[in-house]
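*Asks:* Below is the file query27.pdb, with PDB, C-alpha atoms.
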```pdb
ATOM      1  CA  MET A   1     -33.375  26.215  16.874
ATOM      2  CA  VAL A   2     -30.424  23.854  16.422
ATOM      3  CA  MET A   3     -31.375  20.314  15.569
ATOM      4  CA  ALA A   4     -29.837  17.549  17.678
ATOM      5  CA  GLU A   5     -28.831  15.589  14.568
ATOM      6  CA  ASN A   6     -26.542  18.387  13.336
ATOM      7  CA  TYR A   7     -24.489  18.577  16.532
ATOM      8  CA  PRO A   8     -22.397  15.395  15.996
ATOM      9  CA  ALA A   9     -21.817  16.303  12.341
ATOM     10  CA  LYS A  10     -20.551  19.736  13.364
ATOM     11  CA  ASN A  11     -18.088  18.183  15.829
ATOM     12  CA  LEU A  12     -16.987  15.650  13.231
ATOM     13  CA  HIS A  13     -16.354  18.482  10.770
ATOM     14  CA  LYS A  14     -14.128  20.234  13.348
ATOM     15  CA  ILE A  15     -12.229  17.004  14.054
ATOM     16  CA  VAL A  16     -11.650  16.416  10.335
ATOM     17  CA  LEU A  17     -10.369  19.978   9.884
ATOM     18  CA  ILE A  18      -7.976  19.597  12.813
ATOM     19  CA  CYS A  19      -6.705  16.270  11.442
ATOM     20  CA  ILE A  20      -6.209  17.654   7.944
ATOM     21  CA  LYS A  21      -4.457  20.697   9.357
ATOM     22  CA  TYR A  22      -1.999  18.944  11.679
ATOM     23  CA  LEU A  23      -1.515  15.508  10.107
ATOM     24  CA  PRO A  24       1.199  16.774   7.705
ATOM     25  CA  PHE A  25       3.214  18.041  10.688
ATOM     26  CA  VAL A  26       2.997  14.645  12.404
ATOM     27  CA  ILE A  27       3.906  12.762   9.226
ATOM     28  CA  GLY A  28       6.800  15.159   8.558
ATOM     29  CA  ILE A  29       8.200  14.570  12.057
ATOM     30  CA  LEU A  30       7.838  10.810  11.579
ATOM     31  CA  TYR A  31       9.657  11.058   8.221
ATOM     32  CA  PHE A  32      12.499  12.895   9.926
ATOM     33  CA  LEU A  33      12.680  10.335  12.760
ATOM     34  CA  ASN A  34      12.635   7.507  10.227
ATOM     35  CA  THR A  35      15.482   9.132   8.276
ATOM     36  CA  VAL A  36      17.630   9.597  11.377
ATOM     37  CA  LEU A  37      16.952   6.083  12.686
ATOM     38  CA  SER A  38      17.589   4.541   9.261
ATOM     39  CA  TYR A  39      20.963   6.277   9.055
ATOM     40  CA  PHE A  40      21.972   4.598  12.311
ATOM     41  CA  ASN A  41      20.613   1.229  11.047
ATOM     42  CA  ILE A  42      17.719   1.234  13.498
ATOM     43  CA  ASP A  43      14.613  -0.051  11.795
ATOM     44  CA  TRP A  44      11.589   0.842  13.854
ATOM     45  CA  TYR A  45       8.679  -0.842  12.135
ATOM     46  CA  TRP A  46       5.917   1.346  13.580
ATOM     47  CA  ILE A  47       7.399   4.630  12.372
ATOM     48  CA  THR A  48       7.814   3.178   8.892
ATOM     49  CA  LEU A  49       4.277   1.845   8.972
ATOM     50  CA  VAL A  50       2.670   5.088  10.157
ATOM     51  CA  SER A  51       4.762   7.491   8.064
ATOM     52  CA  GLY A  52       4.672   5.419   4.876
ATOM     53  CA  THR A  53       2.276   7.642   2.976
ATOM     54  CA  SER A  54       1.437   7.113  -0.635
ATOM     55  CA  LEU A  55       1.407   9.701  -3.366
ATOM     56  CA  LEU A  56      -2.401   9.629  -3.387
ATOM     57  CA  SER A  57      -2.629  10.485   0.308
ATOM     58  CA  ILE A  58      -0.166  13.349  -0.171
ATOM     59  CA  LEU A  59      -2.251  14.592  -3.098
ATOM     60  CA  PHE A  60      -5.373  14.333  -0.932
ATOM     61  CA  MET A  61      -3.747  16.378   1.856
ATOM     62  CA  LEU A  62      -2.587  18.988  -0.654
ATOM     63  CA  LEU A  63      -6.030  19.256  -2.263
ATOM     64  CA  CYS A  64      -7.664  19.562   1.159
ATOM     65  CA  SER A  65      -5.243  22.313   2.119
ATOM     66  CA  PHE A  66      -6.266  24.267  -0.989
ATOM     67  CA  ALA A  67      -9.972  23.468  -0.559
ATOM     68  CA  PHE A  68      -9.990  24.676   3.054
ATOM     69  CA  LYS A  69      -7.703  27.626   2.181
ATOM     70  CA  PHE A  70      -4.860  26.785   4.544
ATOM     71  CA  CYS A  71      -1.895  29.139   4.543
ATOM     72  CA  LEU A  72       1.603  28.341   3.287
ATOM     73  CA  TYR A  73       2.662  27.521   6.862
ATOM     74  CA  HIS A  74       0.348  24.499   6.846
ATOM     75  CA  ARG A  75       1.294  23.478   3.292
ATOM     76  CA  LEU A  76       5.061  23.427   3.871
ATOM     77  CA  PRO A  77       5.037  20.045   5.693
ATOM     78  CA  ILE A  78       3.107  18.573   2.758
ATOM     79  CA  TYR A  79       5.739  19.886   0.351
ATOM     80  CA  TYR A  80       8.426  18.440   2.642
ATOM     81  CA  ILE A  81       6.773  15.001   2.577
ATOM     82  CA  LEU A  82       6.334  15.201  -1.194
ATOM     83  CA  LEU A  83       9.979  16.181  -1.742
ATOM     84  CA  ASN A  84      11.166  13.328   0.501
ATOM     85  CA  ASN A  85       9.018  10.866  -1.423
ATOM     86  CA  ILE A  86      10.318  12.135  -4.772
ATOM     87  CA  ILE A  87      13.936  11.759  -3.630
ATOM     88  CA  ASN A  88      13.193   8.279  -2.262
ATOM     89  CA  TRP A  89      11.538   7.287  -5.536
ATOM     90  CA  ILE A  90      14.439   8.601  -7.644
ATOM     91  CA  ASP A  91      16.911   6.795  -5.395
ATOM     92  CA  TYR A  92      14.896   3.579  -5.595
ATOM     93  CA  LYS A  93      14.398   3.751  -9.364
ATOM     94  CA  TYR A  94      17.740   5.136 -10.578
ATOM     95  CA  ARG A  95      20.014   4.652  -7.533
ATOM     96  CA  ILE A  96      21.482   8.078  -6.731
ATOM     97  CA  PRO A  97      25.279   7.594  -6.699
ATOM     98  CA  ILE A  98      26.050   9.101  -3.279
ATOM     99  CA  THR A  99      26.968   7.555   0.052
ATOM    100  CA  ASN A 100      24.526   7.037   2.893
ATOM    101  CA  LYS A 101      26.186   9.852   4.811
ATOM    102  CA  ASN A 102      25.706  12.280   1.914
ATOM    103  CA  MET A 103      22.088  11.163   1.482
ATOM    104  CA  PHE A 104      21.533  11.717   5.200
ATOM    105  CA  CYS A 105      23.089  15.198   4.900
ATOM    106  CA  LEU A 106      20.778  15.932   1.948
ATOM    107  CA  TYR A 107      17.733  15.019   4.034
ATOM    108  CA  ILE A 108      18.995  17.091   6.967
ATOM    109  CA  VAL A 109      19.509  20.109   4.669
ATOM    110  CA  ILE A 110      15.983  19.696   3.243
ATOM    111  CA  THR A 111      14.594  19.421   6.778
ATOM    112  CA  GLY A 112      16.536  22.491   7.889
ATOM    113  CA  ILE A 113      15.356  24.553   4.925
ATOM    114  CA  THR A 114      11.762  23.463   5.532
ATOM    115  CA  VAL A 115      11.911  24.286   9.249
ATOM    116  CA  PHE A 116      13.513  27.670   8.470
ATOM    117  CA  LEU A 117      10.771  28.459   5.936
ATOM    118  CA  MET A 118       8.073  27.370   8.382
ATOM    119  CA  VAL A 119       9.463  29.614  11.123
ATOM    120  CA  PHE A 120       9.907  32.497   8.674
ATOM    121  CA  VAL A 121       6.348  32.203   7.334
ATOM    122  CA  TYR A 122       4.929  31.791  10.840
ATOM    123  CA  VAL A 123       6.722  34.859  12.174
ATOM    124  CA  LYS A 124       5.894  36.893   9.077
ATOM    125  CA  HIS A 125       2.163  36.217   9.342
ATOM    126  CA  ASN A 126       1.880  36.359  13.146
ATOM    127  CA  LYS A 127       3.764  39.552  13.947
ATOM    128  CA  ARG A 128       2.277  41.697  16.630
ATOM    129  CA  ALA A 129       2.779  45.408  16.792
ATOM    130  CA  VAL A 130       5.310  46.282  19.454
ATOM    131  CA  ARG A 131       4.993  49.562  21.241
ATOM    132  CA  LYS A 132       7.977  51.837  21.377
ATOM    133  CA  HIS A 133       8.335  51.767  25.163
ATOM    134  CA  ASN A 134       6.920  48.344  25.896
ATOM    135  CA  ARG A 135       8.607  46.685  28.893
TER     136      ARG A 135
END
```
Represent the supplied structure as structure tokens.

*Replies:*
Amino acid sequence: MVMAENYPAKNLHKIVLICIKYLPFVIGILYFLNTVLSYFNIDWYWITLVSGTSLLSILFMLLCSFAFKFCLYHRLPIYYILLNNIINWIDYKYRIPITNKNMFCLYIVITGITVFLMVFVYVKHNKRAVRKHNR
């Protein structure tokens, strides 16, 4: 017999798993939007506020992804966020000697590589057998 007290905890566990699984995707999209808007000198405070993750929160997401045995597809956005933060930190600390346009192109290339890897990993792990005469 299932106890009534365990039911809310079970739902909360599912909600936490869903949040841990998809939060890196949301933060990665917000990072990309923030990069594009910043290049065009549009400072949207809410995107900066929501996407401004710290190194500890990224570490927490990465540890959770290993603890719950997520696949590489779900870890790639975390690596993307981490790489963006490392580049931002290096630029802030040592001032990377490139123009804003080149920095924007660097972020776009990193985003493109990450999206390509995500699609590649997704397709690789979710292939379905196709019949020879399937129409």

*Asks:* Using all atoms listed in the file, which of the listed residues (A:Leu17, A:Phe40, A:Ile81, A:Gly52) sits closest to A:Thr111?

*Replies:*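 When distances to A:Thr111 are compared using all atoms listed in the file, the smallest one comes from A:Ile81.
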
*Asks:* Show which residues sit within 10 Å of A:Asn85, as a count of residues only. Count only C-alpha atoms, and ignore same-chain residues fewer than 3 positions away.

*Replies:* 14

*Asks:* Show which residues sit within 10 Å of A:Ser51, as a CSV table (one decimal) with C-alpha atoms, in the frame of the given file. Count all atoms listed in the file, and ignore same-chain residues fewer than 4 positions away.

*Replies:*
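What follows is the written file result.csv:
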```csv
chain,number,residue,atom,x,y,z
A,24,PRO,CA,1.2,16.8,7.7
A,26,VAL,CA,3.0,14.6,12.4
A,27,ILE,CA,3.9,12.8,9.2
A,28,GLY,CA,6.8,15.2,8.6
A,29,ILE,CA,8.2,14.6,12.1
A,30,LEU,CA,7.8,10.8,11.6
A,31,TYR,CA,9.7,11.1,8.2
A,32,PHE,CA,12.5,12.9,9.9
A,33,LEU,CA,12.7,10.3,12.8
A,34,ASN,CA,12.6,7.5,10.2
A,46,TRP,CA,5.9,1.3,13.6
A,47,ILE,CA,7.4,4.6,12.4
A,81,ILE,CA,6.8,15.0,2.6
```

*Asks:* Take every atom of stretch 83-91 of chain A listed in the file, pad by 4 Å on each side, and give me the axis-aligned box centre and edge lengths in Å, one decimal, as lines of an AutoDock Vina configuration file.

*Replies:*
```
center_x = 13.0
center_y = 11.5
center_z = -3.6
size_x = 15.9
size_y = 17.4
size_z = 16.1
```

*Asks:* May I have the residues within 12 Å of A:Lys21 as a list in words, using only C-alpha atoms and disregarding those fewer than 4 positions away in the same chain?

*Replies:*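 Listed by chain and then number, they are Lys14, Ile15, Val16, Leu17, Phe25, Val26, Ile27, Met61, Leu62, Leu63, Cys64, Ser65, Phe66, Ala67, Phe68, Lys69, Phe70, Cys71, Leu72, Tyr73, His74, Arg75, Leu76, Pro77 and Ile78 of chain A.
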
*Asks:* Atom CA of A:Phe60 and atom CA of A:Pro8, how far apart in Å?

*Replies:*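 Straight-line distance from atom CA of A:Pro8 to atom CA of A:Phe60 works out to 24.0 Å.
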
*Asks:* Between atom CA of A:Ser57 and atom CA of A:Met118, what distance in Å does the model show, to one decimal?

*Replies:* 21.6 Å

*Asks:* Expressed in Å to a single decimal, how great is the separation between atom CA of A:Tyr22 and atom CA of A:Met103?

*Replies:*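 Computing it gives 27.3 Å between the two atoms.
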
*Asks:* When distances are computed from all atoms listed in the file, which of A:Leu59, A:Thr99, A:Tyr122, A:Tyr107 shows the smallest separation from A:Ile87?

*Replies:*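 Smallest distance to A:Ile87 is found for A:Tyr107.
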